[in-house]
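Student: structure.txt is reproduced in full below (compact mmCIF, C-alpha atoms).
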```txt
# COMPACT_ATOMS: atom_id res chain seq x y z
CA MET A 86 -2.85 -0.58 21.98
CA LYS A 87 -6.56 0.01 21.67
CA PRO A 88 -7.36 3.36 20.03
CA ALA A 89 -8.55 6.18 22.28
CA PRO A 90 -12.37 6.48 22.30
CA PHE A 91 -13.94 7.95 19.18
CA GLU A 92 -17.36 8.32 17.64
CA TYR A 93 -17.83 6.07 14.62
CA VAL A 94 -19.86 7.40 11.71
CA VAL A 95 -20.68 5.41 8.59
CA ALA A 96 -21.05 7.73 5.61
CA GLN A 97 -23.54 6.64 2.92
CA ASP A 98 -22.03 8.71 0.12
CA ALA A 99 -19.48 11.48 -0.44
CA ALA A 100 -21.94 14.28 0.41
CA ASP A 101 -22.86 12.50 3.64
CA ALA A 102 -19.16 12.11 4.53
CA VAL A 103 -18.52 15.81 3.90
CA ALA A 104 -21.53 16.75 6.08
CA SER A 105 -20.23 14.50 8.87
CA LEU A 106 -16.74 15.99 8.64
CA ALA A 107 -18.22 19.50 8.84
CA ARG A 108 -20.18 18.52 11.96
CA PHE A 109 -16.97 17.70 13.84
CA GLY A 110 -14.99 20.76 12.70
CA ASP A 111 -11.36 19.63 12.52
CA GLU A 112 -11.82 16.84 15.07
CA ALA A 113 -12.78 14.03 12.66
CA LYS A 114 -10.63 11.82 10.46
CA VAL A 115 -11.67 10.02 7.30
CA LEU A 116 -11.35 6.23 7.54
CA ALA A 117 -10.78 4.70 4.09
CA GLY A 118 -8.24 1.84 3.90
CA GLY A 119 -6.99 2.60 7.39
CA GLN A 120 -3.49 1.29 6.71
CA SER A 121 -1.86 4.49 7.98
CA LEU A 122 -4.64 5.85 10.18
CA MET A 123 -5.20 2.68 12.21
CA PRO A 124 -1.53 2.35 13.24
CA MET A 125 -1.58 6.02 14.27
CA LEU A 126 -4.67 5.36 16.40
CA ALA A 127 -3.15 2.19 17.87
CA LEU A 128 0.03 4.05 18.80
CA ARG A 129 -2.13 6.98 19.98
CA LEU A 130 -0.25 9.35 17.76
CA ALA A 131 -3.72 10.46 16.65
CA ARG A 132 -6.79 10.77 18.86
CA PRO A 133 -9.60 12.08 16.63
CA ALA A 134 -13.02 12.64 18.23
CA ALA A 135 -14.66 10.83 15.35
CA LEU A 136 -13.92 8.52 12.45
CA VAL A 137 -15.97 8.99 9.30
CA ASP A 138 -15.90 5.62 7.54
CA ILE A 139 -16.26 6.11 3.77
CA ASN A 140 -16.01 2.41 2.88
CA ARG A 141 -19.73 2.16 2.08
CA CYS A 142 -19.75 5.20 -0.26
CA ARG A 143 -20.41 3.62 -3.64
CA ASP A 144 -19.87 6.95 -5.41
CA LEU A 145 -16.20 6.93 -4.33
CA GLU A 146 -15.41 3.54 -5.88
CA GLY A 147 -13.70 2.74 -9.14
CA LEU A 148 -10.95 3.95 -11.39
CA HIS A 149 -10.89 4.60 -15.12
CA ASP A 150 -8.58 5.93 -17.77
CA SER A 151 -9.68 8.03 -20.71
CA ASN A 152 -8.01 10.61 -22.96
CA GLY A 153 -4.60 9.97 -21.48
CA ALA A 154 -5.60 10.51 -17.85
CA LEU A 155 -6.26 8.06 -15.05
CA THR A 156 -8.91 8.96 -12.49
CA VAL A 157 -8.82 7.04 -9.23
CA GLY A 158 -11.76 7.13 -6.80
CA ALA A 159 -11.16 7.50 -3.07
CA LEU A 160 -12.08 3.87 -2.46
CA ALA A 161 -9.89 2.30 -5.16
CA ARG A 162 -7.39 0.11 -3.31
CA GLN A 163 -3.71 0.07 -4.14
CA ARG A 164 -4.37 -3.47 -5.34
CA ASP A 165 -7.04 -2.19 -7.79
CA LEU A 166 -4.52 0.25 -9.16
CA ALA A 167 -1.92 -2.52 -9.52
CA GLN A 168 -4.45 -4.66 -11.37
CA TRP A 169 -5.32 -1.81 -13.69
CA ALA A 170 -1.58 -1.30 -14.28
CA LYS A 171 -0.79 -4.92 -15.07
CA PRO A 172 -1.57 -4.87 -18.78
CA ARG A 173 -1.37 -1.07 -19.19
CA SER A 174 1.39 0.66 -17.28
CA PRO A 175 4.68 -0.99 -16.31
CA LEU A 176 5.58 2.28 -14.54
CA PHE A 177 2.58 2.08 -12.18
CA GLN A 178 3.22 -1.65 -11.81
CA ALA A 179 6.83 -1.13 -10.73
CA VAL A 180 5.91 1.65 -8.32
CA LEU A 181 3.05 -0.28 -6.71
CA ALA A 182 5.13 -3.44 -6.26
CA SER A 183 7.28 -1.38 -3.90
CA VAL A 184 4.33 -0.05 -1.89
CA ALA A 185 4.18 -2.10 1.34
CA HIS A 186 2.94 -5.70 1.05
CA ALA A 187 -0.04 -7.50 -0.51
CA PRO A 188 -2.20 -7.53 2.68
CA ILE A 189 -1.65 -3.77 3.04
CA ARG A 190 -2.31 -3.06 -0.65
CA ASN A 191 -5.54 -5.08 -0.47
CA ARG A 192 -6.98 -2.50 1.94
CA GLY A 193 -4.94 0.64 1.49
CA THR A 194 -6.43 3.16 -0.91
CA ALA A 195 -4.39 5.04 -3.50
CA VAL A 196 -6.03 8.36 -2.65
CA GLY A 197 -5.51 7.82 1.09
CA ASN A 198 -1.87 7.06 0.35
CA LEU A 199 -1.62 10.32 -1.62
CA VAL A 200 -3.19 12.59 1.00
CA HIS A 201 -1.52 10.90 3.98
CA ALA A 202 1.53 12.68 2.52
CA ASP A 203 4.28 10.51 3.93
CA PRO A 204 7.39 12.00 2.33
CA ALA A 205 8.96 8.53 1.93
CA SER A 206 5.98 7.14 0.08
CA GLU A 207 6.08 6.30 -3.63
CA LEU A 208 2.66 7.35 -4.98
CA PRO A 209 2.86 11.05 -4.01
CA ALA A 210 6.10 11.34 -6.01
CA LEU A 211 4.43 9.58 -8.94
CA LEU A 212 1.51 12.04 -8.73
CA LEU A 213 4.01 14.90 -8.98
CA CYS A 214 5.82 13.32 -11.95
CA LEU A 215 2.54 12.68 -13.78
CA ASP A 216 1.26 16.25 -13.35
CA GLY A 217 -1.52 14.90 -11.17
CA SER A 218 -4.10 16.44 -8.92
CA VAL A 219 -6.46 15.58 -6.10
CA THR A 220 -10.10 16.65 -6.05
CA ALA A 221 -11.35 17.72 -2.64
CA GLN A 222 -14.96 18.14 -1.62
CA GLY A 223 -15.88 20.43 1.25
CA ALA A 224 -18.93 22.22 2.57
CA GLN A 225 -18.26 24.99 0.01
CA GLY A 226 -18.12 22.58 -2.92
CA GLU A 227 -15.41 20.93 -4.95
CA ARG A 228 -11.91 22.11 -5.83
CA VAL A 229 -8.96 20.60 -7.66
CA VAL A 230 -5.56 20.80 -5.98
CA ARG A 231 -2.56 20.26 -8.21
CA ALA A 232 0.09 17.88 -6.92
CA ASP A 233 2.69 20.67 -6.83
CA GLN A 234 0.41 22.62 -4.48
CA LEU A 235 -0.68 19.67 -2.37
CA TYR A 236 2.31 18.74 -0.25
CA LEU A 237 3.33 21.19 2.48
CA ALA A 238 5.20 19.17 5.11
CA PRO A 239 5.45 15.58 6.39
CA LEU A 240 1.90 14.22 6.75
CA THR A 241 0.54 17.67 5.87
CA THR A 242 -1.32 18.70 2.73
CA SER A 243 -3.08 21.87 1.69
CA LEU A 244 -6.45 20.15 2.11
CA ALA A 245 -8.59 21.47 4.98
CA PRO A 246 -9.41 19.00 7.81
CA ALA A 247 -13.08 19.00 6.84
CA GLU A 248 -12.39 18.40 3.13
CA LEU A 249 -12.71 14.93 1.65
CA ALA A 250 -10.32 13.84 -1.09
CA THR A 251 -12.78 12.22 -3.48
CA ARG A 252 -10.45 11.29 -6.34
CA ALA A 253 -7.01 11.69 -7.82
CA ARG A 254 -6.00 12.23 -11.42
CA PHE A 255 -2.76 11.21 -13.07
CA ILE A 256 -1.86 12.44 -16.57
CA LEU A 257 -0.39 9.36 -18.21
CA PRO A 258 3.05 9.81 -19.85
CA PRO A 259 3.03 10.83 -23.53
CA GLU A 260 3.13 8.14 -26.21
CA GLY A 261 6.62 6.71 -26.57
CA ALA A 262 7.85 7.98 -23.21
CA GLY A 263 10.29 5.85 -21.24
CA TRP A 264 10.31 5.55 -17.47
CA GLY A 265 12.60 4.56 -14.64
CA PHE A 266 11.90 3.78 -11.01
CA ALA A 267 14.27 2.81 -8.22
CA GLU A 268 14.34 2.96 -4.47
CA VAL A 269 16.61 1.96 -1.63
CA ALA A 270 14.82 0.50 1.39
CA ARG A 271 16.00 -1.65 4.27
CA ARG A 272 13.67 -4.46 3.22
CA HIS A 273 11.28 -4.95 0.31
CA GLY A 274 8.04 -3.10 1.04
CA ASP A 275 9.50 -0.83 3.70
CA PHE A 276 9.31 2.90 3.34
CA ALA A 277 12.13 4.07 1.08
CA LEU A 278 15.25 5.72 2.44
CA VAL A 279 15.51 7.33 -0.98
CA GLY A 280 13.51 6.77 -4.13
CA CYS A 281 13.49 8.24 -7.61
CA ILE A 282 11.17 8.28 -10.63
CA ALA A 283 11.96 9.52 -14.14
CA VAL A 284 9.87 9.91 -17.28
CA LEU A 285 11.57 10.91 -20.54
CA ALA A 286 10.35 11.39 -24.11
CA LEU A 287 12.42 12.30 -27.16
CA ASP A 288 11.59 14.35 -30.22
CA GLY A 289 12.40 13.22 -33.78
CA ALA A 290 15.95 14.57 -33.48
CA GLY A 291 16.64 12.59 -30.33
CA SER A 292 16.46 15.56 -27.96
CA VAL A 293 14.48 15.43 -24.73
CA SER A 294 10.99 16.80 -25.31
CA HIS A 295 9.47 15.75 -22.00
CA ALA A 296 11.34 15.26 -18.73
CA ARG A 297 10.13 14.45 -15.24
CA LEU A 298 12.43 13.65 -12.38
CA GLY A 299 10.96 13.10 -8.92
CA PHE A 300 12.31 12.03 -5.55
CA PHE A 301 10.83 10.73 -2.31
CA GLY A 302 12.33 10.10 1.11
CA VAL A 303 14.68 13.04 0.71
CA GLY A 304 12.99 15.78 2.69
CA ALA A 305 9.72 17.04 4.09
CA THR A 306 7.70 16.38 0.95
CA PRO A 307 8.05 14.51 -2.35
CA VAL A 308 10.08 16.64 -4.75
CA ARG A 309 10.05 17.24 -8.49
CA SER A 310 13.44 18.41 -9.59
CA ALA A 311 13.28 21.53 -11.77
CA GLU A 312 17.12 21.55 -11.87
CA GLY A 313 17.41 17.97 -13.08
CA GLU A 314 14.72 18.39 -15.71
CA ALA A 315 16.14 21.69 -16.99
CA ALA A 316 19.55 20.07 -17.47
CA LEU A 317 17.98 17.65 -19.96
CA MET A 318 15.17 19.50 -21.73
CA GLY A 319 15.82 20.21 -25.39
CA ARG A 320 19.15 18.38 -25.35
CA GLU A 321 20.38 15.00 -26.36
CA PRO A 322 20.41 12.92 -23.13
CA THR A 323 23.99 11.68 -23.37
CA GLU A 324 25.54 9.89 -20.44
CA ALA A 325 27.44 13.03 -19.44
CA ARG A 326 24.27 15.13 -19.51
CA ARG A 327 22.37 12.56 -17.48
CA THR A 328 25.12 12.55 -14.86
CA GLU A 329 25.08 16.34 -14.83
CA ALA A 330 21.28 16.34 -14.42
CA ALA A 331 21.43 13.79 -11.60
CA LYS A 332 24.12 15.81 -9.80
CA ALA A 333 22.21 19.07 -10.22
CA ALA A 334 19.05 17.40 -8.94
CA ALA A 335 20.73 15.88 -5.89
CA ALA A 336 22.50 19.16 -5.06
CA ALA A 337 19.17 20.97 -4.93
CA LEU A 338 17.60 18.49 -2.47
CA SER A 339 17.45 19.17 1.25
CA PRO A 340 17.30 15.71 2.77
CA THR A 341 17.18 15.24 6.53
CA GLY A 342 19.08 12.62 8.48
CA ASP A 343 17.48 10.17 10.88
CA LEU A 344 18.46 6.92 12.53
CA HIS A 345 18.05 5.03 9.26
CA ALA A 346 20.26 7.20 7.07
CA SER A 347 22.18 10.46 7.27
CA ALA A 348 21.34 13.45 5.10
CA GLU A 349 24.66 13.06 3.32
CA TYR A 350 23.96 9.41 2.50
CA ARG A 351 20.51 10.28 1.17
CA ARG A 352 21.89 12.98 -1.10
CA LYS A 353 24.56 10.65 -2.43
CA VAL A 354 22.10 7.82 -3.07
CA ALA A 355 19.66 10.27 -4.68
CA ALA A 356 22.31 11.18 -7.28
CA VAL A 357 23.09 7.51 -7.99
CA LEU A 358 19.41 6.55 -8.29
CA ALA A 359 18.70 9.55 -10.51
CA GLU A 360 21.44 8.46 -12.91
CA ARG A 361 20.06 4.92 -12.97
CA VAL A 362 16.42 5.87 -13.53
CA LEU A 363 17.33 8.36 -16.24
CA ALA A 364 19.34 5.66 -18.02
CA ALA A 365 16.44 3.20 -17.61
CA ALA A 366 13.95 5.79 -18.92
CA LEU A 367 16.11 6.47 -21.97
CA ASP A 368 16.47 2.75 -22.62
CA ARG A 369 12.71 2.45 -22.75
CA CYS A 370 12.30 5.30 -25.26
CA PRO A 371 11.94 4.12 -28.85
CA ARG A 372 15.10 5.10 -30.77
CA PRO A 373 14.59 7.95 -33.22
CA ARG A 374 14.95 6.87 -36.87
CA MET B 21 -20.19 2.98 21.83
CA LYS B 22 -21.57 -0.34 20.52
CA HIS B 23 -22.45 -1.21 16.97
CA ALA B 24 -24.42 -4.19 15.60
CA VAL B 25 -22.55 -6.33 13.09
CA THR B 26 -23.23 -9.49 11.13
CA VAL B 27 -20.06 -11.25 10.10
CA THR B 28 -19.52 -14.65 8.50
CA VAL B 29 -16.43 -16.30 9.94
CA ASN B 30 -15.25 -19.64 8.54
CA GLY B 31 -18.73 -20.23 7.13
CA ALA B 32 -20.68 -19.48 10.34
CA THR B 33 -22.66 -16.24 10.57
CA HIS B 34 -22.45 -14.24 13.80
CA ALA B 35 -24.74 -11.34 14.70
CA LEU B 36 -23.26 -9.44 17.63
CA GLU B 37 -22.85 -6.01 19.15
CA VAL B 38 -19.25 -4.84 19.15
CA ASP B 39 -17.41 -1.95 20.69
CA VAL B 40 -16.45 0.39 17.83
CA ARG B 41 -12.89 0.50 19.19
CA SER B 42 -12.49 -3.29 18.78
CA THR B 43 -10.25 -4.40 15.97
CA LEU B 44 -11.22 -7.42 13.91
CA ALA B 45 -8.34 -9.32 15.56
CA GLU B 46 -9.70 -8.54 19.01
CA PHE B 47 -13.22 -9.46 17.91
CA LEU B 48 -12.10 -12.84 16.56
CA ARG B 49 -10.09 -13.67 19.68
CA GLU B 50 -12.24 -12.22 22.46
CA GLU B 51 -15.79 -12.53 21.12
CA LEU B 52 -15.54 -15.65 18.98
CA ASP B 53 -12.74 -17.43 20.88
CA LEU B 54 -10.82 -17.92 17.63
CA THR B 55 -7.41 -17.46 19.20
CA GLY B 56 -5.52 -18.88 16.22
CA THR B 57 -5.31 -15.34 14.86
CA HIS B 58 -2.25 -14.02 16.68
CA VAL B 59 -1.67 -10.42 17.63
CA GLY B 60 1.92 -9.23 17.45
CA CYS B 61 2.66 -5.57 16.85
CA GLU B 62 -0.95 -4.30 16.64
CA HIS B 63 0.00 -1.72 14.04
CA GLY B 64 0.17 -3.63 10.79
CA VAL B 65 3.87 -4.38 10.59
CA CYS B 66 4.40 -7.97 11.76
CA GLY B 67 1.66 -9.76 9.79
CA ALA B 68 0.83 -12.26 12.57
CA CYS B 69 -2.88 -11.30 12.58
CA THR B 70 -3.39 -11.68 8.80
CA VAL B 71 -6.81 -13.15 7.89
CA LEU B 72 -8.76 -13.38 4.65
CA LEU B 73 -11.48 -10.75 4.17
CA ASP B 74 -13.70 -11.78 1.25
CA GLY B 75 -10.81 -13.99 0.15
CA ALA B 76 -8.06 -11.36 0.26
CA PRO B 77 -5.40 -11.27 2.99
CA VAL B 78 -5.67 -8.24 5.30
CA ARG B 79 -4.29 -7.24 8.68
CA ALA B 80 -6.96 -7.97 11.29
CA CYS B 81 -5.37 -5.39 13.61
CA LEU B 82 -5.88 -2.59 11.07
CA LEU B 83 -9.56 -3.25 10.50
CA LEU B 84 -12.25 -2.31 12.99
CA ALA B 85 -14.62 -5.16 13.75
CA VAL B 86 -17.53 -2.90 12.71
CA GLN B 87 -15.95 -2.60 9.27
CA ALA B 88 -16.30 -6.35 8.77
CA ASP B 89 -20.09 -5.97 8.93
CA GLY B 90 -21.59 -7.89 6.00
CA HIS B 91 -18.24 -9.38 5.01
CA GLU B 92 -16.81 -12.87 5.03
CA VAL B 93 -13.73 -13.67 7.12
CA ARG B 94 -11.55 -16.77 7.00
CA THR B 95 -9.09 -17.48 9.79
CA ILE B 96 -6.53 -20.23 10.38
CA GLU B 97 -9.29 -22.25 12.09
CA GLY B 98 -11.16 -22.37 8.77
CA VAL B 99 -8.28 -23.53 6.60
CA ALA B 100 -8.30 -27.31 7.19
CA PRO B 101 -10.92 -29.20 5.14
CA SER B 102 -12.05 -31.27 8.16
CA PRO B 103 -11.14 -31.76 11.86
CA ASP B 104 -8.83 -34.68 11.04
CA GLU B 105 -7.28 -33.36 7.87
CA LEU B 106 -4.74 -30.60 7.38
CA HIS B 107 -4.61 -28.10 4.55
CA PRO B 108 -1.60 -28.80 2.23
CA LEU B 109 0.04 -25.63 3.58
CA GLN B 110 -0.32 -26.86 7.14
CA GLU B 111 0.96 -30.29 6.15
CA ALA B 112 3.94 -28.78 4.35
CA PHE B 113 4.80 -26.48 7.28
CA ARG B 114 4.84 -29.55 9.53
CA ALA B 115 6.81 -31.73 7.11
CA LYS B 116 9.41 -29.04 6.29
CA HIS B 117 9.76 -27.61 9.80
CA GLY B 118 8.37 -24.29 8.59
CA LEU B 119 7.84 -23.11 12.16
CA GLN B 120 9.52 -22.96 15.51
CA CYS B 121 7.58 -20.97 18.12
CA GLY B 122 4.62 -20.79 15.72
CA TYR B 123 3.55 -17.26 16.57
CA CYS B 124 3.83 -15.92 13.02
CA THR B 125 2.58 -19.13 11.36
CA PRO B 126 -1.20 -18.51 11.15
CA GLY B 127 -0.67 -15.13 9.48
CA ILE B 128 1.81 -16.57 7.01
CA ILE B 129 -0.50 -19.46 6.14
CA MET B 130 -3.42 -17.11 5.50
CA SER B 131 -1.28 -14.95 3.20
CA ALA B 132 0.10 -18.05 1.50
CA CYS B 133 -3.42 -19.42 0.86
CA ALA B 134 -4.27 -16.36 -1.24
CA PHE B 135 -0.76 -16.15 -2.72
CA LEU B 136 -0.81 -19.74 -4.06
CA GLU B 137 -4.21 -19.16 -5.64
CA GLU B 138 -2.72 -16.28 -7.65
CA ALA B 139 0.69 -17.90 -8.22
CA PRO B 140 0.26 -21.70 -8.26
CA ALA B 141 3.91 -22.31 -9.22
CA PRO B 142 5.80 -19.49 -7.51
CA SER B 143 9.54 -18.85 -7.79
CA GLU B 144 11.59 -18.73 -4.61
CA GLU B 145 12.00 -15.00 -5.19
CA ALA B 146 8.22 -14.51 -5.34
CA ILE B 147 7.77 -16.51 -2.13
CA ARG B 148 10.40 -14.39 -0.39
CA GLU B 149 8.75 -11.21 -1.63
CA MET B 150 5.41 -12.40 -0.27
CA LEU B 151 7.09 -13.22 3.06
CA SER B 152 8.48 -9.69 3.31
CA GLY B 153 5.07 -8.80 4.74
CA HIS B 154 5.54 -11.22 7.64
CA LEU B 155 8.03 -11.16 10.46
CA CYS B 156 9.40 -14.43 11.82
CA ARG B 157 12.07 -14.12 14.51
CA CYS B 158 12.86 -17.85 14.83
CA THR B 159 13.36 -19.62 11.55
CA GLY B 160 15.40 -17.31 9.36
CA TYR B 161 12.62 -17.98 6.80
CA HIS B 162 14.49 -20.70 4.94
CA PHE B 163 12.20 -23.58 5.92
CA ILE B 164 9.14 -21.37 5.53
CA VAL B 165 10.13 -20.77 1.90
CA GLU B 166 10.59 -24.52 1.43
CA ALA B 167 7.25 -25.28 3.06
CA ILE B 168 5.37 -22.90 0.78
CA ALA B 169 7.12 -24.30 -2.31
CA GLU B 170 6.25 -27.81 -1.12
CA ALA B 171 2.61 -26.83 -0.55
CA ALA B 172 2.50 -25.44 -4.10
CA ARG B 173 3.73 -28.81 -5.43
CA MET B 174 1.17 -30.68 -3.29
CA LEU B 175 -1.67 -28.47 -4.52
CA ALA B 176 -0.54 -28.89 -8.13
CA ALA B 177 -0.36 -32.70 -7.74
CA ARG B 178 -3.84 -32.66 -6.24
CA GLU B 179 -5.13 -30.54 -9.11
CA LYS B 180 -3.76 -33.11 -11.58
CA ALA B 181 -5.26 -36.13 -9.78
```
Represent the structure contained in this file as structure tokens.

Tutor:
Amino acid sequence: MKPAPFEYVVAQDAADAVASLARFGDEAKVLAGGQSLMPMLALRLARPAALVDINRCRDLEGLHDSNGALTVGALARQRDLAQWAKPRSPLFQAVLASVAHAPIRNRGTAVGNLVHADPASELPALLLCLDGSVTAQGAQGERVVRADQLYLAPLTTSLAPAELATRARFILPPEGAGWGFAEVARRHGDFALVGCIAVLALDGAGSVSHARLGFFGVGATPVRSAEGEAALMGREPTEARRTEAAKAAAAALSPTGDLHASAEYRRKVAAVLAERVLAAALDRCPRPR
Amino acid sequence: MKHAVTVTVNGATHALEVDVRSTLAEFLREELDLTGTHVGCEHGVCGACTVLLDGAPVRACLLLAVQADGHEVRTIEGVAPSPDELHPLQEAFRAKHGLQCGYCTPGIIMSACAFLEEAPAPSEEAIREMLSGHLCRCTGYHFIVEAIAEAARMLAAREKA
């Protein structure tokens, strides 16, 4: 269907976009890649009074990594992120290969993906696992929102309607960390029924010195599992301990059922995937000598 | 609300006023009469409307026509090298029966054009992964996979010659 009528505003730079958003109160939506917003307009699930198109804002382009952190501008496409990842981060590469399809990734922005806050989406869970944050610019200035304070409910973040997410920041895993990523979806590129990400690092004695275990598709928001991580931290990650961690993590989830999968199925699959990604992450850790 | 745009489509530049609510797919079909770009689901899922925007495949139903201002678009009408010659992908789809009703075909060919540039000798698995972004309800995909593999061989042979 054709979208409901809206006013179309082309922002020249971030400040211009923020001014435009302020002008419409909470009635405007930011148009970046449009790969989630446009379907919502076409299905008339959203009827904003105005679209503020940020695609011409040069100051929102680009991504760069320095000092162990990756900063992604609001206009960096998922494809740009995948290209950055190719020689540098197999974790990002694996995650992005599961995000929709090439024609969607060519347009869809990483930051838009993060603040759209679909609970079944991969990147928000990665942001949580990599201690990330999103920088928001509003009429009052700029603020940094940590990933663990960003996601409130499905499609709902703690950003105000008139704030513009200008960039995201991922803290790259420590040197020598291993990672695991797995998801179950009906078809490749579909939203996950359940997905799981793990990052592990070991100290010289072979005990876990850094643990991240995150899930998506298992509730209202992406989840980082304090229970799963606590079961591993400071201990040797034996198979029994990994199973225990995966079970503890899955038990603490509150998945919902829908026509694609029941809550019970999601919890069960979450435990299985957690075991697999923890094993994969350990496999990728250099063995202590 | 109308907006002036200048868009290059298949090498020809068009300066027009478009309704801001028009998608690129609608613009191509209704304003430029390029009806080879098919519209299926109109919300980015089926892939039938896929076109190349500055060389990269995108969903024409998820892009407003005004957003194409200053950009270059290639559609299925701009794929063949001349009016009496087919592109290797088109030839291969015909030779291998890569289509039945043909509704999904233009979108798949546009995606495949960009895909074969990046992966000139793709595995069957890679072809199937690429096709996961396109819905075909007739063929069961098997002959589409064969057609794309055949087109890759034809392009490689041409490169050699």

Student: Quick one: which residues from chain B are at most 10 Å off chain A, using all atoms listed in the file, as a ChimeraX atom specification?

Tutor: /B:21-23,39-43,46,61-65,67,70-73,76-84,86-87,131,134-135,148-154

Student: Taking all atoms listed in the file into account, name the residue in A:Leu237, A:Leu136, A:Leu145, A:Met318 that is nearest to Ala250 in chain A.

Tutor: A:Leu145

Student: Distance CA of Leu212 in chain A-CA of Ala356 in chain A, one decimal place?

Tutor: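 Those two atoms sit 20.9 Å apart.
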
Student: Could you check which of A:Leu166, A:Leu249, A:Leu211, A:Val230 is closest to Leu116 in chain A, using all atoms listed in the file?

Tutor: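 For Leu116 in chain A, the nearest of the candidates is A:Leu249.
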
Student: Find, counting all atoms listed in the file, the residue in A:Pro340, A:Gly319, A:Pro246, A:Gly158 that gets nearest to Asp288 in chain A.

Tutor: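 When distances to Asp288 in chain A are compared using all atoms listed in the file, the smallest one comes from A:Gly319.
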
Student: Can you measure CA of Leu130 in chain A to CA of Leu235 in chain A for me? One decimal in Å is fine.

Tutor: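 Distance reported for this atom pair: 22.6 Å.
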
Student: Which of these, B:Leu155, B:Leu109, B:Ile128, B:Ile96, has the shortest distance to Ala172 in chain B once you count only C-alpha atoms?

Tutor: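 Once distances to Ala172 in chain B are computed over only C-alpha atoms, the minimum belongs to B:Leu109.
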
Student: Measure the distance from CA of Ala205 in chain A to CA of Ala232 in chain A in Å and round it to one decimal.

Tutor: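 Atom-to-atom, CA of Ala205 in chain A and CA of Ala232 in chain A are spaced 15.6 Å apart.
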
Student: Taking only C-alpha atoms into account, which of B:Ala24, B:Leu54, B:Glu111, B:Glu145 comes nearest Arg94 in chain B?

Tutor: B:Leu54

Student: Using all atoms listed in the file for the distances, tell me which of B:Ala85, B:Gly56, B:Arg49, B:Ala167 is nearest to Leu36 in chain B.

Tutor: B:Ala85

Student: Within 10 Å of range 344-354 of chain A, counting all atoms listed in the file, which residues qualify if same-chain residues fewer than 3 places away don't, as a ChimeraX atom specification?

Tutor: /A:268-271,278-281,302-304,332,334-341,357-360

Student: Give me, as a compact mmCIF listing (two decimals) with C-alpha atoms, keeping the file's coordinate frame, all polymer residues having an atom no more than 12 Å from Pro140 in chain B, counting only C-alpha atoms and skipping those fewer than 4 positions away in the same chain.

Tutor:
```txt
# COMPACT_ATOMS: atom_id res chain seq x y z
CA ALA B 132 0.10 -18.05 1.50
CA CYS B 133 -3.42 -19.42 0.86
CA ALA B 134 -4.27 -16.36 -1.24
CA PHE B 135 -0.76 -16.15 -2.72
CA LEU B 136 -0.81 -19.74 -4.06
CA ALA B 146 8.22 -14.51 -5.34
CA ILE B 147 7.77 -16.51 -2.13
CA ILE B 168 5.37 -22.90 0.78
CA ALA B 169 7.12 -24.30 -2.31
CA GLU B 170 6.25 -27.81 -1.12
CA ALA B 171 2.61 -26.83 -0.55
CA ALA B 172 2.50 -25.44 -4.10
CA ARG B 173 3.73 -28.81 -5.43
CA MET B 174 1.17 -30.68 -3.29
CA LEU B 175 -1.67 -28.47 -4.52
CA ALA B 176 -0.54 -28.89 -8.13
CA ALA B 177 -0.36 -32.70 -7.74
CA ARG B 178 -3.84 -32.66 -6.24
CA GLU B 179 -5.13 -30.54 -9.11
```

Student: Quick one: residues within 8 Å of Val180 in chain A, all atoms listed in the file, excluding same-chain residues fewer than 3 positions away - as a list in words?

Tutor: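 Everything that qualifies: Leu176, Phe177, Ser183, Val184, Glu207, Leu208 and Phe266 of chain A.
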
Student: Find the residues around Glu166 in chain B up to 9 Å (only C-alpha atoms counted), leave out those fewer than 6 positions away in its own chain, and share them as a list in words.

Tutor: Ala112, Phe113, Lys116, His117, Gly118 and Glu144 of chain B

Student: For range 119-123 of chain B, please output as an NGL selection string all residues within 10 Å (counting only C-alpha atoms; exclusion window: fewer than 5 positions along the same chain).

Tutor: :B and (56-60 or 68-69 or 113-114 or 128 or 155-161 or 163-164 or 167)

Student: Mind giving me the axis-aligned box for range 125-131 of chain B with 6 Å on every side, centre plus edges in Å to one decimal, as JSON?

Tutor:
```
{"center_x": -0.4, "center_y": -17.2, "center_z": 7.3, "size_x": 18.0, "size_y": 16.5, "size_z": 20.2}
```
